[in-house]
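Asks: One file is attached below, protein_26.pdb, containing PDB, C-alpha atoms and all ligand atoms.
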```
ATOM      1  CA  MET A  13    -117.454  56.889 -58.139  1.00  0.00           C
ATOM      2  CA  ILE A  14    -118.451  55.190 -54.902  1.00  0.00           C
ATOM      3  CA  LYS A  15    -121.945  53.742 -54.678  1.00  0.00           C
ATOM      4  CA  LEU A  16    -123.387  53.294 -51.185  1.00  0.00           C
ATOM      5  CA  PHE A  17    -126.094  50.724 -50.502  1.00  0.00           C
ATOM      6  CA  TYR A  18    -128.064  51.838 -47.463  1.00  0.00           C
ATOM      7  CA  ALA A  19    -131.352  51.583 -45.639  1.00  0.00           C
ATOM      8  CA  PRO A  20    -132.602  54.742 -43.889  1.00  0.00           C
ATOM      9  CA  GLY A  21    -131.566  55.256 -40.271  1.00  0.00           C
ATOM     10  CA  THR A  22    -129.369  52.179 -40.089  1.00  0.00           C
ATOM     11  CA  CYS A  23    -125.664  51.953 -39.268  1.00  0.00           C
ATOM     12  CA  ALA A  24    -125.089  52.786 -42.954  1.00  0.00           C
ATOM     13  CA  LEU A  25    -125.739  56.394 -41.931  1.00  0.00           C
ATOM     14  CA  ALA A  26    -122.139  56.467 -40.647  1.00  0.00           C
ATOM     15  CA  THR A  27    -120.759  55.693 -44.124  1.00  0.00           C
ATOM     16  CA  HIS A  28    -123.141  58.206 -45.642  1.00  0.00           C
ATOM     17  CA  ILE A  29    -121.914  60.935 -43.255  1.00  0.00           C
ATOM     18  CA  ALA A  30    -118.272  60.060 -43.963  1.00  0.00           C
ATOM     19  CA  LEU A  31    -118.926  60.359 -47.725  1.00  0.00           C
ATOM     20  CA  GLU A  32    -120.464  63.779 -47.116  1.00  0.00           C
ATOM     21  CA  TRP A  33    -117.442  64.847 -45.060  1.00  0.00           C
ATOM     22  CA  ILE A  34    -115.106  63.628 -47.811  1.00  0.00           C
ATOM     23  CA  GLY A  35    -116.976  65.773 -50.294  1.00  0.00           C
ATOM     24  CA  GLU A  36    -116.314  63.712 -53.462  1.00  0.00           C
ATOM     25  CA  PRO A  37    -119.283  62.782 -55.657  1.00  0.00           C
ATOM     26  CA  TYR A  38    -120.949  59.504 -54.679  1.00  0.00           C
ATOM     27  CA  GLU A  39    -124.081  57.598 -55.571  1.00  0.00           C
ATOM     28  CA  LEU A  40    -126.785  56.342 -53.226  1.00  0.00           C
ATOM     29  CA  GLN A  41    -128.760  53.156 -53.641  1.00  0.00           C
ATOM     30  CA  GLN A  42    -131.514  52.611 -51.098  1.00  0.00           C
ATOM     31  CA  VAL A  43    -132.270  48.957 -50.416  1.00  0.00           C
ATOM     32  CA  LYS A  44    -135.020  47.165 -48.565  1.00  0.00           C
ATOM     33  CA  LEU A  45    -133.602  44.993 -45.812  1.00  0.00           C
ATOM     34  CA  GLY A  46    -134.673  41.416 -46.421  1.00  0.00           C
ATOM     35  CA  ASP A  47    -135.081  41.957 -50.183  1.00  0.00           C
ATOM     36  CA  PRO A  48    -133.801  38.813 -51.972  1.00  0.00           C
ATOM     37  CA  GLU A  49    -132.433  41.057 -54.757  1.00  0.00           C
ATOM     38  CA  TYR A  50    -130.076  42.684 -52.248  1.00  0.00           C
ATOM     39  CA  LEU A  51    -128.691  39.261 -51.248  1.00  0.00           C
ATOM     40  CA  LYS A  52    -127.061  39.240 -54.685  1.00  0.00           C
ATOM     41  CA  ILE A  53    -125.072  42.305 -53.582  1.00  0.00           C
ATOM     42  CA  ASN A  54    -124.394  41.239 -49.985  1.00  0.00           C
ATOM     43  CA  PRO A  55    -125.277  37.610 -49.219  1.00  0.00           C
ATOM     44  CA  LEU A  56    -125.587  38.564 -45.522  1.00  0.00           C
ATOM     45  CA  GLY A  57    -128.315  41.046 -46.438  1.00  0.00           C
ATOM     46  CA  GLN A  58    -126.655  43.762 -44.367  1.00  0.00           C
ATOM     47  CA  VAL A  59    -125.984  47.406 -45.055  1.00  0.00           C
ATOM     48  CA  PRO A  60    -123.719  49.239 -45.519  1.00  0.00           C
ATOM     49  CA  ALA A  61    -122.105  47.952 -48.681  1.00  0.00           C
ATOM     50  CA  ILE A  62    -120.187  49.994 -51.212  1.00  0.00           C
ATOM     51  CA  ILE A  63    -118.871  49.515 -54.713  1.00  0.00           C
ATOM     52  CA  ASP A  64    -115.945  51.730 -55.636  1.00  0.00           C
ATOM     53  CA  GLY A  65    -115.922  52.219 -59.416  1.00  0.00           C
ATOM     54  CA  ASP A  66    -115.557  48.855 -61.153  1.00  0.00           C
ATOM     55  CA  GLY A  67    -114.403  47.193 -57.945  1.00  0.00           C
ATOM     56  CA  GLU A  68    -115.985  44.398 -55.974  1.00  0.00           C
ATOM     57  CA  VAL A  69    -118.698  44.803 -53.366  1.00  0.00           C
ATOM     58  CA  MET A  70    -117.214  45.892 -50.045  1.00  0.00           C
ATOM     59  CA  THR A  71    -118.973  45.217 -46.747  1.00  0.00           C
ATOM     60  CA  GLN A  72    -118.565  45.701 -42.979  1.00  0.00           C
ATOM     61  CA  GLY A  73    -118.987  49.291 -41.796  1.00  0.00           C
ATOM     62  CA  ASP A  74    -115.706  49.405 -39.888  1.00  0.00           C
ATOM     63  CA  ALA A  75    -113.654  48.188 -42.871  1.00  0.00           C
ATOM     64  CA  ILE A  76    -115.525  50.477 -45.279  1.00  0.00           C
ATOM     65  CA  LEU A  77    -114.944  53.556 -43.112  1.00  0.00           C
ATOM     66  CA  LYS A  78    -111.244  52.790 -42.714  1.00  0.00           C
ATOM     67  CA  TYR A  79    -110.991  52.229 -46.475  1.00  0.00           C
ATOM     68  CA  LEU A  80    -112.578  55.632 -47.111  1.00  0.00           C
ATOM     69  CA  ALA A  81    -110.331  57.339 -44.558  1.00  0.00           C
ATOM     70  CA  ARG A  82    -107.236  55.831 -46.250  1.00  0.00           C
ATOM     71  CA  LYS A  83    -108.450  56.541 -49.765  1.00  0.00           C
ATOM     72  CA  TYR A  84    -109.151  60.199 -48.996  1.00  0.00           C
ATOM     73  CA  PRO A  85    -106.377  61.261 -46.565  1.00  0.00           C
ATOM     74  CA  ALA A  86    -107.065  64.959 -47.212  1.00  0.00           C
ATOM     75  CA  ALA A  87    -110.392  64.573 -45.383  1.00  0.00           C
ATOM     76  CA  LYS A  88    -108.389  63.597 -42.256  1.00  0.00           C
ATOM     77  CA  LEU A  89    -110.990  61.108 -41.041  1.00  0.00           C
ATOM     78  CA  GLY A  90    -108.499  58.437 -40.012  1.00  0.00           C
ATOM     79  CA  ASP A  91    -105.847  58.322 -37.299  1.00  0.00           C
ATOM     80  CA  ASP A  92    -103.111  60.945 -37.196  1.00  0.00           C
ATOM     81  CA  GLY A  93    -100.329  58.460 -38.024  1.00  0.00           C
ATOM     82  CA  THR A  94     -99.110  57.968 -34.466  1.00  0.00           C
ATOM     83  CA  LEU A  95     -99.153  54.556 -32.825  1.00  0.00           C
ATOM     84  CA  GLN A  96    -101.292  55.802 -29.944  1.00  0.00           C
ATOM     85  CA  ASP A  97    -103.888  57.525 -32.111  1.00  0.00           C
ATOM     86  CA  GLY A  98    -104.088  54.449 -34.353  1.00  0.00           C
ATOM     87  CA  TYR A  99    -104.818  52.341 -31.293  1.00  0.00           C
ATOM     88  CA  ASP A 100    -107.382  54.823 -29.969  1.00  0.00           C
ATOM     89  CA  LEU A 101    -109.285  54.921 -33.263  1.00  0.00           C
ATOM     90  CA  ASP A 102    -109.181  51.113 -33.666  1.00  0.00           C
ATOM     91  CA  ARG A 103    -110.303  50.652 -30.085  1.00  0.00           C
ATOM     92  CA  TRP A 104    -113.295  52.975 -30.387  1.00  0.00           C
ATOM     93  CA  MET A 105    -114.288  51.623 -33.778  1.00  0.00           C
ATOM     94  CA  ALA A 106    -114.135  48.102 -32.308  1.00  0.00           C
ATOM     95  CA  PHE A 107    -116.310  49.198 -29.395  1.00  0.00           C
ATOM     96  CA  LEU A 108    -118.836  50.985 -31.604  1.00  0.00           C
ATOM     97  CA  THR A 109    -119.128  48.287 -34.271  1.00  0.00           C
ATOM     98  CA  GLY A 110    -118.492  45.241 -32.105  1.00  0.00           C
ATOM     99  CA  ASP A 111    -120.111  46.069 -28.757  1.00  0.00           C
ATOM    100  CA  LEU A 112    -122.552  48.959 -29.028  1.00  0.00           C
ATOM    101  CA  HIS A 113    -124.061  48.132 -32.431  1.00  0.00           C
ATOM    102  CA  PRO A 114    -124.734  44.411 -31.724  1.00  0.00           C
ATOM    103  CA  ALA A 115    -126.274  45.367 -28.359  1.00  0.00           C
ATOM    104  CA  PHE A 116    -129.184  46.749 -30.403  1.00  0.00           C
ATOM    105  CA  PHE A 117    -129.744  43.628 -32.531  1.00  0.00           C
ATOM    106  CA  PRO A 118    -132.111  41.880 -30.059  1.00  0.00           C
ATOM    107  CA  PHE A 119    -133.817  45.205 -29.295  1.00  0.00           C
ATOM    108  CA  TYR A 120    -134.800  45.790 -32.920  1.00  0.00           C
ATOM    109  CA  LYS A 121    -135.242  42.122 -33.922  1.00  0.00           C
ATOM    110  CA  PRO A 122    -136.182  40.228 -30.728  1.00  0.00           C
ATOM    111  CA  GLU A 123    -137.798  37.444 -32.767  1.00  0.00           C
ATOM    112  CA  ARG A 124    -134.345  36.382 -33.984  1.00  0.00           C
ATOM    113  CA  TYR A 125    -133.049  35.816 -30.476  1.00  0.00           C
ATOM    114  CA  SER A 126    -135.541  33.344 -29.063  1.00  0.00           C
ATOM    115  CA  THR A 127    -137.329  30.288 -30.381  1.00  0.00           C
ATOM    116  CA  ASP A 128    -140.287  31.395 -28.241  1.00  0.00           C
ATOM    117  CA  SER A 129    -142.409  33.569 -30.532  1.00  0.00           C
ATOM    118  CA  SER A 130    -144.767  34.870 -27.832  1.00  0.00           C
ATOM    119  CA  ASP A 131    -145.047  38.602 -27.130  1.00  0.00           C
ATOM    120  CA  ARG A 132    -143.890  37.912 -23.601  1.00  0.00           C
ATOM    121  CA  ALA A 133    -140.643  36.362 -24.872  1.00  0.00           C
ATOM    122  CA  LYS A 134    -140.109  39.282 -27.253  1.00  0.00           C
ATOM    123  CA  GLN A 135    -140.554  41.796 -24.459  1.00  0.00           C
ATOM    124  CA  ALA A 136    -138.171  39.832 -22.220  1.00  0.00           C
ATOM    125  CA  THR A 137    -135.558  39.765 -25.000  1.00  0.00           C
ATOM    126  CA  LYS A 138    -135.925  43.505 -25.555  1.00  0.00           C
ATOM    127  CA  LYS A 139    -135.555  44.137 -21.837  1.00  0.00           C
ATOM    128  CA  ALA A 140    -132.363  42.076 -21.676  1.00  0.00           C
ATOM    129  CA  SER A 141    -131.064  43.856 -24.765  1.00  0.00           C
ATOM    130  CA  TYR A 142    -131.828  47.244 -23.220  1.00  0.00           C
ATOM    131  CA  GLN A 143    -129.701  46.345 -20.208  1.00  0.00           C
ATOM    132  CA  ILE A 144    -126.694  45.738 -22.459  1.00  0.00           C
ATOM    133  CA  ILE A 145    -127.392  48.891 -24.488  1.00  0.00           C
ATOM    134  CA  ASP A 146    -127.560  50.842 -21.235  1.00  0.00           C
ATOM    135  CA  ARG A 147    -124.152  49.504 -20.125  1.00  0.00           C
ATOM    136  CA  MET A 148    -122.597  50.397 -23.477  1.00  0.00           C
ATOM    137  CA  TYR A 149    -124.258  53.833 -23.597  1.00  0.00           C
ATOM    138  CA  GLU A 150    -123.102  54.622 -20.044  1.00  0.00           C
ATOM    139  CA  TYR A 151    -119.562  53.670 -21.018  1.00  0.00           C
ATOM    140  CA  LEU A 152    -119.611  55.936 -24.080  1.00  0.00           C
ATOM    141  CA  ASP A 153    -121.343  58.685 -22.107  1.00  0.00           C
ATOM    142  CA  ARG A 154    -118.532  58.668 -19.512  1.00  0.00           C
ATOM    143  CA  HIS A 155    -115.918  58.719 -22.265  1.00  0.00           C
ATOM    144  CA  LEU A 156    -117.541  61.738 -23.920  1.00  0.00           C
ATOM    145  CA  ASN A 157    -117.666  63.752 -20.708  1.00  0.00           C
ATOM    146  CA  GLY A 158    -116.046  67.093 -21.593  1.00  0.00           C
ATOM    147  CA  LYS A 159    -115.201  65.863 -25.096  1.00  0.00           C
ATOM    148  CA  GLU A 160    -116.461  66.983 -28.466  1.00  0.00           C
ATOM    149  CA  PHE A 161    -114.953  64.061 -30.400  1.00  0.00           C
ATOM    150  CA  VAL A 162    -114.726  60.326 -29.747  1.00  0.00           C
ATOM    151  CA  VAL A 163    -111.004  60.197 -30.597  1.00  0.00           C
ATOM    152  CA  GLY A 164    -108.466  62.988 -30.209  1.00  0.00           C
ATOM    153  CA  ASN A 165    -109.415  66.583 -30.853  1.00  0.00           C
ATOM    154  CA  ARG A 166    -110.639  66.305 -34.410  1.00  0.00           C
ATOM    155  CA  ARG A 167    -113.453  64.718 -36.360  1.00  0.00           C
ATOM    156  CA  THR A 168    -112.869  61.097 -37.415  1.00  0.00           C
ATOM    157  CA  ILE A 169    -114.852  58.160 -38.781  1.00  0.00           C
ATOM    158  CA  SER A 170    -115.563  57.255 -35.142  1.00  0.00           C
ATOM    159  CA  ASP A 171    -117.741  60.377 -34.757  1.00  0.00           C
ATOM    160  CA  ALA A 172    -119.792  59.404 -37.807  1.00  0.00           C
ATOM    161  CA  TYR A 173    -120.308  55.909 -36.420  1.00  0.00           C
ATOM    162  CA  ALA A 174    -120.997  57.104 -32.877  1.00  0.00           C
ATOM    163  CA  PHE A 175    -123.581  59.558 -34.227  1.00  0.00           C
ATOM    164  CA  ALA A 176    -125.455  56.778 -36.056  1.00  0.00           C
ATOM    165  CA  MET A 177    -125.455  54.678 -32.865  1.00  0.00           C
ATOM    166  CA  VAL A 178    -126.307  57.474 -30.429  1.00  0.00           C
ATOM    167  CA  ARG A 179    -129.227  58.534 -32.638  1.00  0.00           C
ATOM    168  CA  TRP A 180    -130.885  55.214 -31.801  1.00  0.00           C
ATOM    169  CA  ALA A 181    -131.398  56.434 -28.216  1.00  0.00           C
ATOM    170  CA  ASN A 182    -134.498  58.088 -29.672  1.00  0.00           C
ATOM    171  CA  SER A 183    -136.072  54.631 -29.919  1.00  0.00           C
ATOM    172  CA  LEU A 184    -135.379  53.708 -26.266  1.00  0.00           C
ATOM    173  CA  PRO A 185    -138.093  53.987 -23.606  1.00  0.00           C
ATOM    174  CA  ASN A 186    -136.138  56.648 -21.680  1.00  0.00           C
ATOM    175  CA  GLY A 187    -134.435  58.275 -24.642  1.00  0.00           C
ATOM    176  CA  PHE A 188    -131.346  60.256 -23.701  1.00  0.00           C
ATOM    177  CA  THR A 189    -132.416  60.902 -20.089  1.00  0.00           C
ATOM    178  CA  LYS A 190    -129.572  58.946 -18.500  1.00  0.00           C
ATOM    179  CA  TYR A 191    -126.907  60.037 -20.972  1.00  0.00           C
ATOM    180  CA  PRO A 192    -126.245  63.809 -20.859  1.00  0.00           C
ATOM    181  CA  ASN A 193    -123.035  63.571 -22.885  1.00  0.00           C
ATOM    182  CA  LEU A 194    -124.632  61.448 -25.590  1.00  0.00           C
ATOM    183  CA  ASP A 195    -127.474  63.963 -25.693  1.00  0.00           C
ATOM    184  CA  ARG A 196    -125.007  66.827 -26.174  1.00  0.00           C
ATOM    185  CA  PHE A 197    -122.940  64.860 -28.745  1.00  0.00           C
ATOM    186  CA  TYR A 198    -126.074  63.961 -30.715  1.00  0.00           C
ATOM    187  CA  HIS A 199    -127.468  67.490 -30.812  1.00  0.00           C
ATOM    188  CA  HIS A 200    -124.074  68.953 -31.668  1.00  0.00           C
ATOM    189  CA  TRP A 201    -123.663  66.716 -34.731  1.00  0.00           C
ATOM    190  CA  CYS A 202    -127.306  67.209 -35.763  1.00  0.00           C
ATOM    191  CA  GLU A 203    -126.248  70.774 -36.616  1.00  0.00           C
ATOM    192  CA  ASP A 204    -123.352  69.672 -38.826  1.00  0.00           C
ATOM    193  CA  PRO A 205    -124.245  70.554 -42.453  1.00  0.00           C
ATOM    194  CA  SER A 206    -122.964  67.213 -43.802  1.00  0.00           C
ATOM    195  CA  VAL A 207    -124.855  65.229 -41.181  1.00  0.00           C
ATOM    196  CA  LYS A 208    -127.968  67.270 -41.946  1.00  0.00           C
ATOM    197  CA  ARG A 209    -127.606  66.566 -45.679  1.00  0.00           C
ATOM    198  CA  ALA A 210    -127.154  62.819 -45.137  1.00  0.00           C
ATOM    199  CA  MET A 211    -130.250  62.722 -42.907  1.00  0.00           C
ATOM    200  CA  GLU A 212    -132.276  64.745 -45.394  1.00  0.00           C
ATOM    201  CA  GLN A 213    -131.270  62.390 -48.189  1.00  0.00           C
ATOM    202  CA  GLN A 214    -132.386  59.441 -46.064  1.00  0.00           C
ATOM    203  CA  HIS A 215    -135.602  61.278 -45.084  1.00  0.00           C
ATOM    204  CA  ILE A 216    -134.870  60.798 -41.395  1.00  0.00           C
ATOM    205  CA  HIS A 217    -134.404  63.198 -38.526  1.00  0.00           C
TER     206      HIS A 217
HETATM  207  N1  LIG B 301    -121.181  43.586 -39.145  1.00  0.00           N
HETATM  208  C1  LIG B 301    -121.961  44.389 -40.055  1.00  0.00           C
HETATM  209  C2  LIG B 301    -123.340  44.542 -39.462  1.00  0.00           C
HETATM  210  C3  LIG B 301    -124.221  45.380 -40.346  1.00  0.00           C
HETATM  211  C4  LIG B 301    -125.682  45.303 -39.910  1.00  0.00           C
HETATM  212  O1  LIG B 301    -126.092  44.434 -39.138  1.00  0.00           O
HETATM  213  N2  LIG B 301    -126.474  46.224 -40.429  1.00  0.00           N
HETATM  214  C5  LIG B 301    -127.880  46.193 -40.158  1.00  0.00           C
HETATM  215  C6  LIG B 301    -128.456  47.589 -40.235  1.00  0.00           C
HETATM  216  S1  LIG B 301    -127.940  48.614 -38.895  1.00  0.00           S
HETATM  217  C7  LIG B 301    -128.545  45.333 -41.194  1.00  0.00           C
HETATM  218  O2  LIG B 301    -128.246  45.459 -42.362  1.00  0.00           O
HETATM  219  N3  LIG B 301    -129.450  44.457 -40.782  1.00  0.00           N
HETATM  220  C8  LIG B 301    -130.179  43.631 -41.684  1.00  0.00           C
HETATM  221  C9  LIG B 301    -130.346  42.261 -41.166  1.00  0.00           C
HETATM  222  O3  LIG B 301    -129.672  41.891 -40.175  1.00  0.00           O
HETATM  223  O4  LIG B 301    -131.118  41.519 -41.750  1.00  0.00           O
HETATM  224  C10 LIG B 301    -121.321  45.758 -40.240  1.00  0.00           C
HETATM  225  O5  LIG B 301    -120.717  46.264 -39.285  1.00  0.00           O
HETATM  226  O6  LIG B 301    -121.397  46.314 -41.339  1.00  0.00           O
END
```
Can I see the file as structure tokens?
Ligand SMILES: N[C@@H](CCC(=O)N[C@@H](CS)C(=O)NCC(=O)O)C(=O)O

Replies:
Amino acid sequence: MIKLFYAPGTCALATHIALEWIGEPYELQQVKLGDPEYLKINPLGQVPAIIDGDGEVMTQGDAILKYLARKYPAAKLGDDGTLQDGYDLDRWMAFLTGDLHPAFFPFYKPERYSTDSSDRAKQATKKASYQIIDRMYEYLDRHLNGKEFVVGNRRTISDAYAFAMVRWANSLPNGFTKYPNLDRFYHHWCEDPSVKRAMEQQHIH
């Protein structure tokens, strides 16, 4: 059985949603970010991490999601086997995990991004971070115009990841105001029974 290490509302929500979509039994282990005990599982202290059966600890959300998609092909969460679709999925997963997700790091943890510990410096860091988030959100918002899914015309791991990222708009000063397609995408997936179950289990909304 797969065991998922997660912290509520983090990017690990994407893995949690994918496990729900797959529908095989799995185990959840909530961790406290920064807990020294968790460093024994993932020395980087990051979630998600999974352990599949007696296997080793696996980390990095993108790699974990692709592993799950390959392990459970019947769930059809990966690419459709064509060269183009493979590229599209890789491209959007790279954008989501490598551009959009890190754009939030200084927003949530401004103290890590400046040696100046004053409130003024923190606010300035958050403002700069917000500008990058805004650029990334606008890009995704344009892509989702008229689309239900991030890639192709079916649900993939990229929708699970995009949902976890788009949900964070709730913590921005202007919320979803500037991003009508992200707003629609978010509310659409909020109604998905598997997404609902994952959020209930994490006690988030
Ligand atoms: N590159 C990693 C990044 C994971 C990551 O930064 N996760 C955040 C939660 S959204 C985290 O665990 N942060 C804890 C920390 O940085 O101390 C991945 O894609 O899995």

Asks: Enumerate as number ranges by chain the residues within 8 Å of ligand LIG 301 (chain B), counting all atoms listed in the file.

Replies: A: 19, 21-24, 45-46, 56-61, 71-74, 109-110, 113-114, 117

Asks: Hey, what's within 12 Å of range 144-160 of chain A if we count only C-alpha atoms and toss same-chain stuff fewer than 5 positions away? As number ranges by chain, please?

Replies: A: 104-105, 107-120, 137-139, 165-168, 170-171, 174-175, 177-181, 183-201

Asks: Find the smallest box with edges along x, y and z containing every listed atom of range 136-140 of chain A, then add 3 Å on each side and report centre and edge lengths in Å to one decimal, as lines of an AutoDock Vina configuration file.

Replies:
```
center_x = -135.3
center_y = 42.0
center_z = -23.6
size_x = 11.8
size_y = 10.4
size_z = 9.9
```

Asks: Name the residues in contact with range 91-95 of chain A at a cut-off of 9 Å, using only C-alpha atoms, excluding same-chain residues fewer than 6 positions from it; report them as number ranges by chain.

Replies: A: 81, 101-102, 163-164, 168

Asks: So that I can see what lies close to Glu123 in chain A, please list as a list of chain:residue names the residues with an atom at most 9 Å from it, counting all atoms listed in the file and leaving out residues fewer than 4 positions away in the same chain.

Replies: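 The residues satisfying every condition are A:Pro118, A:Thr127, A:Asp128, A:Ser129, A:Ser130, A:Ala133, A:Lys134, A:Thr137.
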
Asks: Would you work out the distance separating CA of Ile29 in chain A from CA of Lys44 in chain A, expressed in Å to one decimal?

Replies: 19.7 Å

Asks: Could you check how far CA of Pro48 in chain A sits from CA of Tyr79 in chain A, in Å to one decimal?

Replies: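 Interatomic distance, CA of Pro48 in chain A to CA of Tyr79 in chain A: 27.0 Å.
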
Asks: Could you jot down the CA of Phe17 in chain A to CA of Gln42 in chain A separation for me, Å, one decimal place?

Replies: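 Separation of CA of Phe17 in chain A and CA of Gln42 in chain A: 5.8 Å.
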
Asks: Nearest to Tyr84 in chain A among A:Met70, A:Leu40, A:Met211, A:Ala30, with distances taken over only C-alpha atoms: which residue is it?

Replies: A:Ala30

Asks: So which one's closest to Arg209 in chain A, A:Ile63, A:Leu51, A:Val43, A:Leu31? Using only C-alpha atoms, please.

Replies: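 Closest candidate: A:Leu31.
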
Asks: To test your reading of the syntax: which residues would the PyMOL selection byres (((chain A and resi 217) around 9) and not hetatm) return for the file shown? Reply as a CSV table (one decimal) with C-alpha atoms, keeping the file's coordinate frame.

Replies:
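Result went into out-v7.csv, see below:
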```csv
chain,number,residue,atom,x,y,z
A,21,GLY,CA,-131.6,55.3,-40.3
A,202,CYS,CA,-127.3,67.2,-35.8
A,208,LYS,CA,-128.0,67.3,-41.9
A,211,MET,CA,-130.2,62.7,-42.9
A,212,GLU,CA,-132.3,64.7,-45.4
A,214,GLN,CA,-132.4,59.4,-46.1
A,215,HIS,CA,-135.6,61.3,-45.1
A,216,ILE,CA,-134.9,60.8,-41.4
```
